[in-house]
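Next up, work18.cif (mmCIF, C-alpha atoms):
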```
data_structure
loop_
_atom_site.group_PDB
_atom_site.id
_atom_site.type_symbol
_atom_site.label_atom_id
_atom_site.label_comp_id
_atom_site.auth_asym_id
_atom_site.auth_seq_id
_atom_site.Cartn_x
_atom_site.Cartn_y
_atom_site.Cartn_z
ATOM 1 C CA MET A 1 -41.234 18.920 -83.783
ATOM 2 C CA ASP A 2 -43.796 17.669 -81.328
ATOM 3 C CA ARG A 3 -44.262 19.382 -77.982
ATOM 4 C CA ALA A 4 -43.024 16.455 -75.870
ATOM 5 C CA MET A 5 -39.716 16.237 -77.753
ATOM 6 C CA ALA A 6 -39.182 20.012 -77.657
ATOM 7 C CA GLN A 7 -39.783 19.980 -73.897
ATOM 8 C CA LYS A 8 -37.402 17.051 -73.414
ATOM 9 C CA LEU A 9 -34.657 18.720 -75.449
ATOM 10 C CA ALA A 10 -35.153 22.022 -73.629
ATOM 11 C CA GLY A 11 -34.877 20.291 -70.253
ATOM 12 C CA GLN A 12 -31.693 18.506 -71.337
ATOM 13 C CA ALA A 13 -30.198 21.742 -72.725
ATOM 14 C CA ILE A 14 -30.965 23.531 -69.440
ATOM 15 C CA GLU A 15 -29.194 20.715 -67.578
ATOM 16 C CA ALA A 16 -26.171 21.054 -69.890
ATOM 17 C CA MET A 17 -26.118 24.829 -69.375
ATOM 18 C CA GLY A 18 -25.444 24.195 -65.690
ATOM 19 C CA ARG A 19 -22.131 22.549 -66.645
ATOM 20 C CA ALA A 20 -20.861 25.537 -68.636
ATOM 21 C CA TYR A 21 -17.416 26.923 -67.907
ATOM 22 C CA ALA A 22 -17.853 30.655 -68.527
ATOM 23 C CA PRO A 23 -15.695 32.564 -66.012
ATOM 24 C CA TYR A 24 -14.971 35.434 -68.421
ATOM 25 C CA SER A 25 -18.291 36.299 -70.065
ATOM 26 C CA GLY A 26 -20.541 34.816 -67.394
ATOM 27 C CA PHE A 27 -22.868 33.797 -70.248
ATOM 28 C CA GLN A 28 -23.685 30.117 -69.955
ATOM 29 C CA VAL A 29 -25.042 28.101 -72.886
ATOM 30 C CA GLY A 30 -26.377 24.566 -73.068
ATOM 31 C CA ALA A 31 -27.279 22.433 -76.064
ATOM 32 C CA ALA A 32 -29.076 19.129 -76.576
ATOM 33 C CA LEU A 33 -28.409 17.478 -79.947
ATOM 34 C CA LEU A 34 -30.859 14.836 -81.163
ATOM 35 C CA THR A 35 -29.723 12.076 -83.519
ATOM 36 C CA ARG A 36 -32.089 10.552 -86.065
ATOM 37 C CA GLU A 37 -32.160 7.418 -83.896
ATOM 38 C CA GLY A 38 -33.310 9.408 -80.849
ATOM 39 C CA LYS A 39 -30.077 9.613 -78.851
ATOM 40 C CA ILE A 40 -29.302 12.953 -77.213
ATOM 41 C CA TYR A 41 -25.826 14.448 -76.817
ATOM 42 C CA LEU A 42 -25.334 17.390 -74.474
ATOM 43 C CA GLY A 43 -22.909 20.267 -74.787
ATOM 44 C CA CYS A 44 -22.011 23.407 -72.872
ATOM 45 C CA ASN A 45 -19.818 26.368 -73.682
ATOM 46 C CA ILE A 46 -16.234 26.161 -72.460
ATOM 47 C CA GLU A 47 -14.305 29.430 -72.293
ATOM 48 C CA ASN A 48 -10.562 29.973 -72.253
ATOM 49 C CA ALA A 49 -8.483 32.914 -71.045
ATOM 50 C CA ALA A 50 -6.989 33.198 -74.546
ATOM 51 C CA TYR A 51 -10.570 33.516 -75.934
ATOM 52 C CA SER A 52 -10.054 31.917 -79.371
ATOM 53 C CA PRO A 53 -9.678 28.367 -77.958
ATOM 54 C CA SER A 54 -13.155 28.694 -76.424
ATOM 55 C CA ASN A 55 -15.861 26.336 -77.669
ATOM 56 C CA CYS A 56 -19.593 26.883 -77.988
ATOM 57 C CA ALA A 57 -22.171 24.513 -76.502
ATOM 58 C CA GLU A 58 -23.470 23.533 -79.928
ATOM 59 C CA ARG A 59 -20.043 22.531 -81.225
ATOM 60 C CA THR A 60 -19.301 20.669 -77.991
ATOM 61 C CA ALA A 61 -22.447 18.568 -78.525
ATOM 62 C CA PHE A 62 -21.667 17.943 -82.192
ATOM 63 C CA PHE A 63 -18.035 17.049 -81.563
ATOM 64 C CA LYS A 64 -18.987 14.645 -78.759
ATOM 65 C CA ALA A 65 -21.520 12.936 -81.017
ATOM 66 C CA VAL A 66 -19.266 12.770 -84.062
ATOM 67 C CA SER A 67 -16.357 11.470 -81.978
ATOM 68 C CA GLU A 68 -18.604 8.565 -80.966
ATOM 69 C CA GLY A 69 -19.500 7.735 -84.570
ATOM 70 C CA GLU A 70 -22.767 9.641 -84.998
ATOM 71 C CA ARG A 71 -23.319 11.290 -88.361
ATOM 72 C CA HIS A 72 -27.092 11.743 -88.672
ATOM 73 C CA PHE A 73 -28.910 14.423 -86.701
ATOM 74 C CA SER A 74 -32.454 15.743 -86.670
ATOM 75 C CA ALA A 75 -32.499 18.682 -84.219
ATOM 76 C CA ILE A 76 -30.655 20.722 -81.622
ATOM 77 C CA CYS A 77 -32.056 22.782 -78.756
ATOM 78 C CA ILE A 78 -30.071 25.740 -77.420
ATOM 79 C CA VAL A 79 -30.563 27.719 -74.205
ATOM 80 C CA GLY A 80 -28.465 30.426 -72.607
ATOM 81 C CA GLY A 81 -28.234 33.254 -70.171
ATOM 82 C CA LYS A 82 -26.044 35.464 -68.066
ATOM 83 C CA GLY A 83 -25.011 33.980 -64.746
ATOM 84 C CA GLY A 84 -26.887 30.764 -65.451
ATOM 85 C CA ALA A 85 -30.292 32.456 -65.600
ATOM 86 C CA LEU A 86 -32.235 31.930 -68.823
ATOM 87 C CA THR A 87 -32.487 35.446 -70.237
ATOM 88 C CA GLY A 88 -33.955 35.073 -73.714
ATOM 89 C CA TYR A 89 -33.584 33.137 -76.934
ATOM 90 C CA THR A 90 -29.935 32.276 -77.640
ATOM 91 C CA ALA A 91 -29.216 31.745 -81.325
ATOM 92 C CA PRO A 92 -26.151 29.837 -82.549
ATOM 93 C CA CYS A 93 -23.150 31.826 -83.770
ATOM 94 C CA GLY A 94 -22.060 31.664 -87.404
ATOM 95 C CA VAL A 95 -19.328 29.101 -86.742
ATOM 96 C CA CYS A 96 -21.829 26.773 -85.050
ATOM 97 C CA ARG A 97 -24.263 27.206 -87.921
ATOM 98 C CA GLN A 98 -21.500 26.156 -90.315
ATOM 99 C CA VAL A 99 -20.694 23.074 -88.201
ATOM 100 C CA MET A 100 -24.382 22.148 -88.275
ATOM 101 C CA ARG A 101 -24.326 22.556 -92.056
ATOM 102 C CA GLU A 102 -21.433 20.101 -92.320
ATOM 103 C CA PHE A 103 -23.464 17.279 -90.776
ATOM 104 C CA CYS A 104 -27.104 18.205 -91.346
ATOM 105 C CA ASP A 105 -29.479 18.628 -94.243
ATOM 106 C CA PRO A 106 -30.498 22.303 -94.004
ATOM 107 C CA GLU A 107 -33.916 21.476 -95.463
ATOM 108 C CA ILE A 108 -34.895 19.240 -92.522
ATOM 109 C CA PHE A 109 -32.548 19.910 -89.565
ATOM 110 C CA ARG A 110 -34.383 21.822 -86.833
ATOM 111 C CA VAL A 111 -32.859 24.401 -84.507
ATOM 112 C CA VAL A 112 -34.922 24.969 -81.374
ATOM 113 C CA LEU A 113 -34.234 28.064 -79.277
ATOM 114 C CA ALA A 114 -35.803 27.806 -75.833
ATOM 115 C CA VAL A 115 -36.202 30.054 -72.806
ATOM 116 C CA ASP A 116 -37.673 27.220 -70.732
ATOM 117 C CA GLU A 117 -39.442 23.920 -71.281
ATOM 118 C CA GLU A 118 -42.702 25.654 -72.220
ATOM 119 C CA HIS A 119 -41.491 28.429 -74.533
ATOM 120 C CA TRP A 120 -39.409 27.901 -77.645
ATOM 121 C CA GLN A 121 -38.985 28.961 -81.259
ATOM 122 C CA GLU A 122 -38.186 26.467 -84.005
ATOM 123 C CA TYR A 123 -36.257 27.133 -87.224
ATOM 124 C CA LEU A 124 -34.913 25.118 -90.117
ATOM 125 C CA LEU A 125 -31.147 25.376 -90.541
ATOM 126 C CA LYS A 126 -31.648 26.731 -94.073
ATOM 127 C CA ASP A 127 -33.403 29.763 -92.568
ATOM 128 C CA LEU A 128 -30.544 30.472 -90.154
ATOM 129 C CA LEU A 129 -27.793 29.852 -92.716
ATOM 130 C CA PRO A 130 -29.077 30.786 -96.170
ATOM 131 C CA MET A 131 -26.764 29.802 -99.023
ATOM 132 C CA GLY A 132 -24.587 27.820 -96.611
ATOM 133 C CA PHE A 133 -21.384 26.183 -97.831
ATOM 134 C CA GLY A 134 -21.533 22.409 -97.535
ATOM 135 C CA PRO A 135 -19.718 19.249 -98.571
ATOM 136 C CA GLU A 136 -21.499 19.185 -101.938
ATOM 137 C CA ASN A 137 -19.822 22.491 -102.834
ATOM 138 C CA LEU A 138 -16.474 20.680 -102.947
ATOM 139 C CA LYS A 139 -17.529 18.006 -105.457
#
```
Translate this structure into structure tokens?
Amino acid sequence: MDRAMAQKLAGQAIEAMGRAYAPYSGFQVGAALLTREGKIYLGCNIENAAYSPSNCAERTAFFKAVSEGERHFSAICIVGGKGGALTGYTAPCGVCRQVMREFCDPEIFRVVLAVDEEHWQEYLLKDLLPMGFGPENLK
């Protein structure tokens, strides 16, 4: 991914992180999901007192995009930190990786983990979810 796009996604993910609802863990996460056509969907984590109904930032972004008819994605940028302060690289949980696998080609979908607009690490989904279970497994 080129530097300008990574910086743009990181900035958008940081903006989304500010909308997080995390009164229990205090750990806020933001995500910026890029479609193949260049549209960006934002997501933040949303916690719940019962814990299991909580939703991660990555899934929030995917579910927003899919609910609006999007099905083709090229990258996602994720940021996070305690108390709204970026504290290090925040990798997606296993459930989020599986949601990504549902909609994305693991050979080309990029996962960008950022600590700010200047510092990020980039991975292919296949490296974060080796041997992932996808729609083709059910054919």
**OP:** Considering all atoms listed in the file, state which residue in the set A:Met131, A:Trp120, A:Ala50, A:Leu86 is at the smallest distance from Glu107 of chain A.
**Re:**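 The answer is A:Met131, which sits nearest to Glu107 of chain A.
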Subject >> Spatial neighbours of Glu70 of chain A, 10 Å, all atoms listed in the file, chain gap at least 5 places, as a list of chain:residue names >> reply: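 The neighbour list is A:Thr35, A:Arg36, A:Glu37, A:Lys39, A:Tyr41, A:Phe62, A:Phe63, A:Lys64, A:Ala65, A:Phe103.
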Next, the residues of the selection above should be written as a PDB file, in the coordinates of the input with C-alpha atoms.
```
ATOM      1  CA  THR A  35     -29.723  12.076 -83.519  1.00  0.00           C
ATOM      2  CA  ARG A  36     -32.089  10.552 -86.065  1.00  0.00           C
ATOM      3  CA  GLU A  37     -32.160   7.418 -83.896  1.00  0.00           C
ATOM      4  CA  LYS A  39     -30.077   9.613 -78.851  1.00  0.00           C
ATOM      5  CA  TYR A  41     -25.826  14.448 -76.817  1.00  0.00           C
ATOM      6  CA  PHE A  62     -21.667  17.943 -82.192  1.00  0.00           C
ATOM      7  CA  PHE A  63     -18.035  17.049 -81.563  1.00  0.00           C
ATOM      8  CA  LYS A  64     -18.987  14.645 -78.759  1.00  0.00           C
ATOM      9  CA  ALA A  65     -21.520  12.936 -81.017  1.00  0.00           C
ATOM     10  CA  PHE A 103     -23.464  17.279 -90.776  1.00  0.00           C
TER      11      PHE A 103
END
```
**OP:** Determine, counting only C-alpha atoms, every residue of protein, DNA or RNA that lies within 10 Å of (-28.4, 29.2, -90.8) in the file coordinates, then give the result as a ChimeraX atom specification.
**Re:** /A:91-98,100-101,106,111,123-132
Subject >> Between atom CA of Cys104 of chain A and atom CA of Val66 of chain A - distance in Å to one decimal >> reply: 12.0 Å
**OP:** Select, from A:Gln12, A:Thr87, A:Asn137, A:Ser54, the residue with the minimum atom-to-atom distance to Val115 of chain A, counting only C-alpha atoms.
**Re:**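 Smallest separation from Val115 of chain A among the options: A:Thr87.
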Subject >> Who sits within 7 Å of Leu34 of chain A, all atoms listed in the file, same chain under 2 positions skipped, as a VMD selection string >> reply: chain A and resid 32 36 38 to 41 73 to 76
Output of the above residues as a PDB file, keeping the file's coordinate frame, restricted to C-alpha atoms:
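For reference, out15.pdb as written:
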```pdb
ATOM      1  CA  ALA A  32     -29.076  19.129 -76.576  1.00  0.00           C
ATOM      2  CA  ARG A  36     -32.089  10.552 -86.065  1.00  0.00           C
ATOM      3  CA  GLY A  38     -33.310   9.408 -80.849  1.00  0.00           C
ATOM      4  CA  LYS A  39     -30.077   9.613 -78.851  1.00  0.00           C
ATOM      5  CA  ILE A  40     -29.302  12.953 -77.213  1.00  0.00           C
ATOM      6  CA  TYR A  41     -25.826  14.448 -76.817  1.00  0.00           C
ATOM      7  CA  PHE A  73     -28.910  14.423 -86.701  1.00  0.00           C
ATOM      8  CA  SER A  74     -32.454  15.743 -86.670  1.00  0.00           C
ATOM      9  CA  ALA A  75     -32.499  18.682 -84.219  1.00  0.00           C
ATOM     10  CA  ILE A  76     -30.655  20.722 -81.622  1.00  0.00           C
TER      11      ILE A  76
END
```
**OP:** Determine the nearest neighbour of Arg71 of chain A from the options A:Cys56, A:Leu33, A:Ala6, A:Ala20, counting only C-alpha atoms.
**Re:**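 Using only C-alpha atoms, Arg71 of chain A sits closest to A:Leu33.
Between atom CA of Glu136 of chain A and atom CA of Ile108 of chain A lies a distance of 16.4 Å.
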Subject >> d(atom CA of Ala49 of chain A, atom CA of Gly11 of chain A) in Å >> reply: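 Value for the atom CA of Ala49 of chain A-atom CA of Gly11 of chain A distance: 29.3 Å.
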Will you model N, CA and C atoms for segment 78-90 of chain A and pass it back as a PDB file, keeping the file's coordinate frame?
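Ended up saving to out.pdb:
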```pdb
ATOM      1  N   ILE A  78     -31.083  24.867 -78.015  1.00  0.00           N
ATOM      2  CA  ILE A  78     -30.071  25.740 -77.420  1.00  0.00           C
ATOM      3  C   ILE A  78     -30.739  26.659 -76.405  1.00  0.00           C
ATOM      4  N   VAL A  79     -30.114  26.782 -75.238  1.00  0.00           N
ATOM      5  CA  VAL A  79     -30.563  27.719 -74.205  1.00  0.00           C
ATOM      6  C   VAL A  79     -29.350  28.498 -73.716  1.00  0.00           C
ATOM      7  N   GLY A  80     -29.586  29.666 -73.138  1.00  0.00           N
ATOM      8  CA  GLY A  80     -28.465  30.426 -72.607  1.00  0.00           C
ATOM      9  C   GLY A  80     -28.913  31.586 -71.758  1.00  0.00           C
ATOM     10  N   GLY A  81     -27.945  32.089 -70.983  1.00  0.00           N
ATOM     11  CA  GLY A  81     -28.234  33.254 -70.171  1.00  0.00           C
ATOM     12  C   GLY A  81     -27.064  33.664 -69.305  1.00  0.00           C
ATOM     13  N   LYS A  82     -27.092  34.888 -68.910  1.00  0.00           N
ATOM     14  CA  LYS A  82     -26.044  35.464 -68.066  1.00  0.00           C
ATOM     15  C   LYS A  82     -26.157  34.913 -66.651  1.00  0.00           C
ATOM     16  N   GLY A  83     -25.040  34.475 -66.114  1.00  0.00           N
ATOM     17  CA  GLY A  83     -25.011  33.980 -64.746  1.00  0.00           C
ATOM     18  C   GLY A  83     -25.832  32.730 -64.528  1.00  0.00           C
ATOM     19  N   GLY A  84     -26.124  31.999 -65.587  1.00  0.00           N
ATOM     20  CA  GLY A  84     -26.887  30.764 -65.451  1.00  0.00           C
ATOM     21  C   GLY A  84     -28.392  30.951 -65.419  1.00  0.00           C
ATOM     22  N   ALA A  85     -28.848  32.193 -65.564  1.00  0.00           N
ATOM     23  CA  ALA A  85     -30.292  32.456 -65.600  1.00  0.00           C
ATOM     24  C   ALA A  85     -30.727  32.584 -67.057  1.00  0.00           C
ATOM     25  N   LEU A  86     -31.738  31.843 -67.451  1.00  0.00           N
ATOM     26  CA  LEU A  86     -32.235  31.930 -68.823  1.00  0.00           C
ATOM     27  C   LEU A  86     -32.758  33.342 -69.071  1.00  0.00           C
ATOM     28  N   THR A  87     -32.176  34.030 -70.056  1.00  0.00           N
ATOM     29  CA  THR A  87     -32.487  35.446 -70.237  1.00  0.00           C
ATOM     30  C   THR A  87     -33.109  35.786 -71.582  1.00  0.00           C
ATOM     31  N   GLY A  88     -33.379  34.811 -72.397  1.00  0.00           N
ATOM     32  CA  GLY A  88     -33.955  35.073 -73.714  1.00  0.00           C
ATOM     33  C   GLY A  88     -33.500  34.011 -74.687  1.00  0.00           C
ATOM     34  N   TYR A  89     -33.960  34.108 -75.914  1.00  0.00           N
ATOM     35  CA  TYR A  89     -33.584  33.137 -76.934  1.00  0.00           C
ATOM     36  C   TYR A  89     -32.121  33.329 -77.320  1.00  0.00           C
ATOM     37  N   THR A  90     -31.362  32.243 -77.336  1.00  0.00           N
ATOM     38  CA  THR A  90     -29.935  32.276 -77.640  1.00  0.00           C
ATOM     39  C   THR A  90     -29.699  31.555 -78.962  1.00  0.00           C
TER      40      THR A  90
END
```
